[in-house]
Structure formats: structure tokens, C-alpha cells
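*Asks:* My file is data_36.cif. It has mmCIF, C-alpha atoms and all ligand atoms:
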data_my_file
#
loop_
_atom_site.label_atom_id
_atom_site.label_comp_id
_atom_site.auth_asym_id
_atom_site.auth_seq_id
_atom_site.Cartn_x
_atom_site.Cartn_y
_atom_site.Cartn_z
CA MET A 1092 -69.85 33.02 -69.90
CA ARG A 1093 -72.17 35.96 -70.19
CA LYS A 1094 -75.30 35.72 -72.30
CA ASN A 1095 -76.38 37.80 -75.26
CA ILE A 1096 -79.81 39.21 -74.53
CA VAL A 1097 -82.28 41.23 -76.56
CA ALA A 1098 -85.20 42.57 -74.56
CA GLY A 1099 -88.18 44.48 -75.95
CA ASN A 1100 -89.63 47.15 -73.68
CA TRP A 1101 -93.13 47.76 -75.02
CA LYS A 1102 -93.78 50.63 -72.59
CA MET A 1103 -97.43 51.81 -72.56
CA ASN A 1104 -98.17 50.38 -75.98
CA ASN A 1105 -100.27 47.47 -77.27
CA ASP A 1106 -103.69 46.59 -75.87
CA LEU A 1107 -104.69 42.95 -75.47
CA ALA A 1108 -105.48 42.39 -79.15
CA ALA A 1109 -102.24 44.04 -80.30
CA THR A 1110 -100.29 42.05 -77.70
CA LYS A 1111 -101.68 38.77 -79.05
CA THR A 1112 -100.94 39.78 -82.64
CA LEU A 1113 -97.37 40.88 -81.96
CA ILE A 1114 -96.62 37.73 -79.96
CA SER A 1115 -97.95 35.45 -82.67
CA GLU A 1116 -95.85 37.30 -85.25
CA LEU A 1117 -92.77 36.89 -83.05
CA ILE A 1118 -93.41 33.16 -82.65
CA GLU A 1119 -93.88 32.84 -86.42
CA LEU A 1120 -90.68 34.74 -87.28
CA LYS A 1121 -88.44 33.35 -84.57
CA LYS A 1122 -85.60 31.20 -85.79
CA THR A 1123 -83.07 29.53 -83.58
CA SER A 1124 -81.01 32.18 -81.94
CA ASN A 1125 -78.05 32.21 -79.61
CA SER A 1126 -79.49 35.18 -77.78
CA GLU A 1127 -81.99 35.18 -74.98
CA ILE A 1128 -85.12 37.00 -76.03
CA MET A 1129 -87.37 38.88 -73.64
CA ILE A 1130 -90.46 41.03 -74.05
CA ALA A 1131 -92.01 43.39 -71.54
CA PRO A 1132 -95.71 44.05 -72.21
CA THR A 1133 -97.86 46.18 -69.88
CA PHE A 1134 -99.06 44.72 -66.57
CA VAL A 1135 -102.59 43.87 -67.78
CA ASN A 1136 -101.23 41.78 -70.64
CA LEU A 1137 -98.56 39.83 -68.79
CA LEU A 1138 -100.78 36.85 -68.03
CA GLU A 1139 -101.87 36.45 -71.65
CA ALA A 1140 -98.28 36.94 -72.84
CA SER A 1141 -96.92 34.28 -70.50
CA LYS A 1142 -99.64 31.83 -71.57
CA LEU A 1143 -98.90 32.40 -75.26
CA LEU A 1144 -95.14 32.11 -74.79
CA LYS A 1145 -95.14 29.22 -72.35
CA GLU A 1146 -93.79 26.63 -74.79
CA THR A 1147 -91.24 29.01 -76.35
CA SER A 1148 -87.87 30.36 -75.27
CA ILE A 1149 -89.14 33.95 -75.27
CA GLN A 1150 -89.27 35.23 -71.71
CA VAL A 1151 -91.94 37.59 -70.39
CA VAL A 1152 -90.67 40.46 -68.26
CA SER A 1153 -92.43 43.13 -66.24
CA GLN A 1154 -91.70 46.82 -66.82
CA ASN A 1155 -91.84 47.63 -63.12
CA MET A 1156 -92.97 46.39 -59.69
CA HIS A 1157 -93.40 47.65 -56.13
CA TYR A 1158 -90.92 46.84 -53.38
CA ALA A 1159 -93.45 45.90 -50.70
CA GLU A 1160 -94.69 42.40 -50.10
CA SER A 1161 -98.36 43.49 -50.26
CA GLY A 1162 -100.62 46.07 -48.67
CA ALA A 1163 -102.13 49.51 -49.05
CA PHE A 1164 -100.34 50.67 -52.21
CA THR A 1165 -103.19 51.57 -54.56
CA GLY A 1166 -102.34 50.93 -58.18
CA GLU A 1167 -99.20 48.93 -57.51
CA ILE A 1168 -98.12 45.36 -58.33
CA SER A 1169 -95.97 43.10 -56.16
CA ALA A 1170 -93.22 40.65 -57.10
CA LYS A 1171 -95.32 37.72 -55.95
CA MET A 1172 -98.21 38.80 -58.18
CA LEU A 1173 -95.86 38.86 -61.15
CA LYS A 1174 -94.48 35.44 -60.33
CA ALA A 1175 -98.00 34.06 -60.04
CA VAL A 1176 -98.62 34.93 -63.70
CA GLY A 1177 -95.38 33.39 -64.90
CA VAL A 1178 -93.18 36.49 -64.88
CA ASN A 1179 -89.72 35.86 -63.46
CA ALA A 1180 -87.87 39.01 -64.46
CA VAL A 1181 -88.41 42.74 -64.09
CA ILE A 1182 -87.03 45.95 -65.58
CA LEU A 1183 -86.09 48.39 -62.82
CA GLY A 1184 -84.72 51.92 -62.96
CA HIS A 1185 -85.84 52.81 -66.47
CA SER A 1186 -85.24 56.53 -67.04
CA GLU A 1187 -88.96 57.08 -67.63
CA ARG A 1188 -89.67 55.66 -64.16
CA ARG A 1189 -86.91 57.83 -62.69
CA GLU A 1190 -88.06 60.97 -64.50
CA TYR A 1191 -91.87 60.80 -64.52
CA PHE A 1192 -92.49 58.76 -61.38
CA ASN A 1193 -89.70 60.09 -59.17
CA GLU A 1194 -88.02 56.75 -58.62
CA ASP A 1195 -84.68 57.46 -56.99
CA ASP A 1196 -81.71 55.27 -56.08
CA LEU A 1197 -83.15 54.48 -52.65
CA ILE A 1198 -86.48 53.23 -54.01
CA LEU A 1199 -84.70 51.31 -56.73
CA LYS A 1200 -82.43 49.64 -54.21
CA GLU A 1201 -85.51 48.41 -52.34
CA LYS A 1202 -87.08 47.18 -55.55
CA VAL A 1203 -83.91 45.35 -56.56
CA ASP A 1204 -83.74 43.69 -53.15
CA LYS A 1205 -87.36 42.59 -53.29
CA ALA A 1206 -87.09 41.18 -56.80
CA LEU A 1207 -83.97 39.20 -55.89
CA GLN A 1208 -85.54 37.98 -52.67
CA GLU A 1209 -88.36 36.57 -54.82
CA SER A 1210 -85.81 34.92 -57.12
CA MET A 1211 -86.58 37.19 -60.04
CA ASP A 1212 -84.00 38.40 -62.53
CA VAL A 1213 -83.51 42.15 -62.69
CA ILE A 1214 -82.74 44.22 -65.76
CA PHE A 1215 -81.33 47.30 -64.06
CA CYS A 1216 -81.36 50.46 -66.20
CA PHE A 1217 -79.28 53.58 -65.74
CA GLY A 1218 -77.85 56.32 -67.91
CA GLU A 1219 -76.93 59.97 -68.04
CA GLN A 1220 -78.89 62.98 -69.26
CA LEU A 1221 -77.58 65.03 -72.17
CA ASP A 1222 -76.36 67.77 -69.79
CA ASP A 1223 -74.29 65.19 -67.89
CA ARG A 1224 -72.61 64.08 -71.08
CA ASN A 1225 -72.02 67.61 -72.31
CA SER A 1226 -70.40 68.48 -69.01
CA GLU A 1227 -68.43 65.21 -69.09
CA ASN A 1228 -70.12 63.99 -65.96
CA HIS A 1229 -71.56 60.86 -67.57
CA PHE A 1230 -69.15 58.38 -65.98
CA LYS A 1231 -69.77 59.84 -62.52
CA VAL A 1232 -73.56 59.78 -62.93
CA VAL A 1233 -73.64 56.20 -64.14
CA GLU A 1234 -71.23 55.12 -61.42
CA SER A 1235 -73.40 56.55 -58.65
CA GLN A 1236 -76.62 55.06 -60.10
CA ILE A 1237 -75.02 51.61 -60.14
CA LYS A 1238 -73.26 51.91 -56.78
CA ASN A 1239 -76.31 53.24 -54.93
CA ALA A 1240 -78.71 50.56 -56.09
CA LEU A 1241 -76.53 47.51 -56.61
CA PHE A 1242 -73.19 47.53 -54.82
CA HIS A 1243 -74.66 46.44 -51.48
CA LEU A 1244 -75.62 43.11 -53.09
CA PRO A 1245 -73.74 39.97 -52.15
CA SER A 1246 -71.70 38.38 -54.95
CA SER A 1247 -74.18 35.51 -55.17
CA SER A 1248 -76.97 37.86 -56.32
CA TRP A 1249 -75.14 38.98 -59.45
CA LYS A 1250 -76.12 35.88 -61.43
CA SER A 1251 -79.64 37.40 -61.43
CA VAL A 1252 -78.61 40.89 -62.51
CA ILE A 1253 -78.54 42.20 -66.07
CA LEU A 1254 -77.29 45.76 -66.58
CA ALA A 1255 -78.76 48.11 -69.19
CA TYR A 1256 -76.94 51.30 -70.09
CA GLU A 1257 -79.45 53.71 -71.59
CA PRO A 1258 -78.22 57.25 -72.15
CA VAL A 1259 -81.39 59.32 -71.69
CA TRP A 1260 -80.59 61.53 -74.68
CA ALA A 1261 -80.71 58.46 -76.93
CA ILE A 1262 -84.06 57.04 -75.79
CA GLY A 1263 -86.84 57.46 -78.33
CA THR A 1264 -84.94 60.29 -79.99
CA GLY A 1265 -83.48 58.48 -82.95
CA GLN A 1266 -80.08 59.66 -81.72
CA THR A 1267 -78.13 56.53 -80.85
CA ALA A 1268 -74.91 56.54 -78.88
CA SER A 1269 -72.13 55.65 -81.29
CA PRO A 1270 -70.85 52.08 -80.96
CA GLU A 1271 -67.64 53.60 -79.55
CA GLN A 1272 -69.53 55.62 -76.92
CA ALA A 1273 -71.47 52.50 -75.90
CA GLN A 1274 -68.31 50.39 -75.73
CA GLU A 1275 -66.46 53.04 -73.71
CA MET A 1276 -69.23 53.18 -71.09
CA HIS A 1277 -69.77 49.41 -70.99
CA ALA A 1278 -66.05 48.81 -70.43
CA TYR A 1279 -66.11 51.42 -67.66
CA ILE A 1280 -69.08 49.68 -66.00
CA ARG A 1281 -67.42 46.29 -66.23
CA LYS A 1282 -64.31 47.76 -64.61
CA LEU A 1283 -66.40 49.18 -61.75
CA VAL A 1284 -67.95 45.77 -61.11
CA ALA A 1285 -64.53 44.11 -61.26
CA GLU A 1286 -63.09 46.59 -58.78
CA HIS A 1287 -65.96 46.24 -56.31
CA TYR A 1288 -66.42 42.48 -56.71
CA ASN A 1289 -64.08 40.50 -58.94
CA THR A 1290 -63.42 39.76 -62.60
CA SER A 1291 -65.41 36.57 -62.58
CA ILE A 1292 -68.57 38.56 -61.76
CA SER A 1293 -67.69 41.43 -64.09
CA GLU A 1294 -66.99 39.09 -67.01
CA ASP A 1295 -70.22 37.18 -66.44
CA VAL A 1296 -72.66 40.06 -66.15
CA SER A 1297 -74.49 40.93 -69.36
CA ILE A 1298 -74.49 44.64 -70.15
CA LEU A 1299 -77.17 45.72 -72.62
CA TYR A 1300 -77.26 48.98 -74.53
CA GLY A 1301 -80.55 50.83 -74.99
CA GLY A 1302 -81.48 53.97 -76.88
CA SER A 1303 -82.73 54.07 -80.47
CA VAL A 1304 -81.40 50.63 -81.40
CA LYS A 1305 -82.72 49.72 -84.85
CA PRO A 1306 -82.05 46.95 -87.37
CA GLU A 1307 -79.76 49.40 -89.19
CA ASN A 1308 -77.43 50.05 -86.25
CA ALA A 1309 -77.74 46.92 -84.09
CA LYS A 1310 -74.97 44.92 -85.73
CA GLU A 1311 -72.35 47.58 -85.19
CA ILE A 1312 -73.38 48.22 -81.58
CA PHE A 1313 -73.68 44.51 -80.68
CA GLY A 1314 -70.33 43.92 -82.34
CA LYS A 1315 -68.54 45.79 -79.58
CA LEU A 1316 -66.67 43.71 -77.04
CA ASP A 1317 -68.55 44.77 -73.92
CA VAL A 1318 -72.02 45.12 -75.45
CA ASP A 1319 -74.00 41.96 -74.76
CA GLY A 1320 -77.27 42.93 -76.36
CA GLY A 1321 -79.95 45.57 -76.24
CA LEU A 1322 -83.00 46.91 -74.51
CA ILE A 1323 -85.23 47.95 -77.35
CA GLY A 1324 -88.17 50.35 -77.20
CA GLY A 1325 -89.75 51.60 -80.43
CA ALA A 1326 -88.23 48.97 -82.71
CA ALA A 1327 -89.55 46.17 -80.48
CA LEU A 1328 -93.14 47.08 -81.40
CA ASP A 1329 -92.67 45.69 -84.88
CA ALA A 1330 -92.02 41.95 -85.09
CA LYS A 1331 -89.83 42.16 -88.19
CA SER A 1332 -87.57 44.88 -86.87
CA PHE A 1333 -87.30 43.25 -83.43
CA MET A 1334 -86.32 39.95 -85.06
CA ALA A 1335 -83.87 41.72 -87.35
CA ILE A 1336 -82.22 43.22 -84.27
CA ILE A 1337 -82.07 39.79 -82.59
CA ASN A 1338 -80.53 38.35 -85.72
CA SER A 1339 -77.85 41.05 -85.73
CA PHE A 1340 -75.67 38.99 -83.41
P1 LIG A 1401 -85.98 53.28 -77.74
O1 LIG A 1401 -86.25 52.97 -76.18
O2 LIG A 1401 -85.41 52.03 -78.34
O3 LIG A 1401 -87.35 53.61 -78.30
O4 LIG A 1401 -85.05 54.43 -77.79
C1 LIG A 1401 -85.32 52.22 -75.42
C2 LIG A 1401 -85.80 52.10 -74.02
O5 LIG A 1401 -86.43 53.04 -73.49
O6 LIG A 1401 -85.58 51.06 -73.35
#
What would the structure in this file look like if it were written as C-alpha cells?
*Replies:*
Amino acid sequence: MRKNIVAGNWKMNNDLAATKTLISELIELKKTSNSEIMIAPTFVNLLEASKLLKETSIQVVSQNMHYAESGAFTGEISAKMLKAVGVNAVILGHSERREYFNEDDLILKEKVDKALQESMDVIFCFGEQLDDRNSENHFKVVESQIKNALFHLPSSSWKSVILAYEPVWAIGTGQTASPEQAQEMHAYIRKLVAEHYNTSISEDVSILYGGSVKPENAKEIFGKLDVDGGLIGGAALDAKSFMAIINSF
């Protein structure tokens, strides 16, 4: 059975003090929930976040990592370094990493491999640009992003993979994909996984939607058959709205 997951991607927001405040508000507001909850603070605040959340069910996730074991990669962070501060999952392939930091399918494939080799879970993001959708290329674009970075994996790795469909035109724009558009793409992705692997893997993999999810639209989006939760940016920076989204299941 696949899990419902709501993950907050804090991006380059919240210094140490703000991180502590937001985490204590989340702990305070959190009720029992059937969904897995994850938050992704910036690198410098991961240690503090994992200490504060140690006794809770909220998981701390990294927003990125390097694919090398260690070495001369100024400014980078390795999987082992993340694990050493209690971080066991990583977001890879976010459109902002693809767009502003030139991360392509090849680099992402290496990152995915390294994370899995270190027994980390991967939230793998992908999604089309507005031009792709307008030219009806969105299925093709998403298909190649997934195939190029993930379809070399053995079946056994898929228990550690979470997929996140994030149409670029919906990220931070206030323009959400309609629940029907999300469902249509999620069903397509699940079919791709079933065709390449099998239905047991495709039915078990959680597929999150990301892009302007808010308390006002979460219920309708999460209500769709193939939407298993969300990757939340802006609305995850406010404890009440993040919790309202989690409680939309
Ligand atoms: P948004 O960001 O919710 O602010 O649109 C989502 C994301 O980038 O993961």
C-alpha cells in the first residue's frame, strides 16, 4: 500500500531562529495524521531540525546533495554528511535545481544512485515548462525526465523512491494545475512505471503533486485517485497552513 506524504520544501528561507520557531509551531499543532510528514530546511539548519524532531514522526529531508562520496567539490554536501546529522531522505531534481544550477538528467541519475546506495529515500521531482504544456509535449517531457534518471534502477530500489510531479508553470505562481490535470499526469506516470516494471511497483509508489498547493485547494487535489500527497513550497513556511494541508487528507 502506498503512503500519503506531505513534504514541505522550505527552499532558501528561514534562518536558524525561524527554523526553530516554525518547528516548534509544527510540533504544537500536529495531531495524529495518517500521512507521513516531511520538512526540508536549508543545509545549515538540518542538524538543529533533526535534533528538534527526533522524538516526533516528522522527518527531516535535504533539499539537495552531491553525487560524489567526498572530495574537492567546494560548497557541496555528500550523502554521508547528511546521514551523519540524521537526514535519511533527499529531494532531487527540483525544477529550481534544474533551471538555475544546470542539473540535467545525467547528474540527477548519479545523485539518485548515490542516495540509494547510502540507503536514503529520494523524492524525485520532474515536470514540464509552460511551453511544453501549450505545445502538448508535457507527457513526453515528463516521461523522458523519469526514464533518464530512474528507469535503470532495479525493482528493489523503488521502495525508496517517491515521485513528485511539479509542473514548472505552477510553482510559486499561484497557478495550480487543476485536480484533473494532476490526476491525468499521475495516472500516466503510474502507467509508465507499470509498463517498465510491474503493477505491484506502480501501485506502491507514492506520487506527490507540487505547485501552489494551499489549504484552499489541497483537499480537491489530494482527493484524486493517483495523487498521494504534495510537495509544498510557500504554504509550508506557515505552520497553520502546512498543517491545514496535511489535514486535507
Ligand atoms: P510552491 O512550491 O508550493 O511555492 O508552488 C512548490 C515546490 O517548489 O516544491
*Asks:* Set the distance at 8 Å and use only C-alpha atoms: which residues neighbour A:Phe1217 once local chain neighbours fewer than 4 positions away are removed? I'd like the list as a PyMOL selection string.
*Replies:* chain A and resi 1184-1186+1233+1236-1237+1255-1258
*Asks:* List the spatial neighbours of A:Lys1250 as a list in words - criterion: any atom at most 10 Å away, only C-alpha atoms, same-chain residues fewer than 4 positions off excluded.
*Replies:*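 Once the nearby chain positions are removed, what remains is Arg1093, Asp1212, Val1213, Ser1246, Ile1292, Asp1295, Val1296 and Ser1297 of chain A.
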*Asks:* Neighbours of ligand LIG 1401 (chain A) within 9 Å, counting all atoms listed in the file, as a PyMOL selection string?
*Replies:* chain A and resi 1098-1102+1185-1187+1216+1255+1257+1259-1267+1300-1305+1321-1327
*Asks:* Suppose you want the space between atom CA of A:Phe1134 and atom CA of A:Gly1166; what is it in Å?
*Replies:*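 Separation of atom CA of A:Phe1134 and atom CA of A:Gly1166: 10.9 Å.
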*Asks:* Can you tell me, as a JSON list (two decimals) with C-alpha atoms, in the coordinates of the input, what residues are no more than 8 Å from A:Asn1105 when counting all atoms listed in the file, ignoring any on the same chain fewer than 5 positions away?
*Replies:*
[["chain", "number", "residue", "atom", "x", "y", "z"],
["A", 1110, "THR", "CA", -100.29, 42.05, -77.70],
["A", 1132, "PRO", "CA", -95.71, 44.05, -72.21],
["A", 1133, "THR", "CA", -97.86, 46.18, -69.88]]
*Asks:* Ranking A:Gln1208, A:Gln1150, A:Asn1289, A:Ser1339 by minimum distance to A:Glu1307 and counting only C-alpha atoms, which one comes first?
*Replies:*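 Closest to A:Glu1307, using only C-alpha atoms: A:Ser1339.
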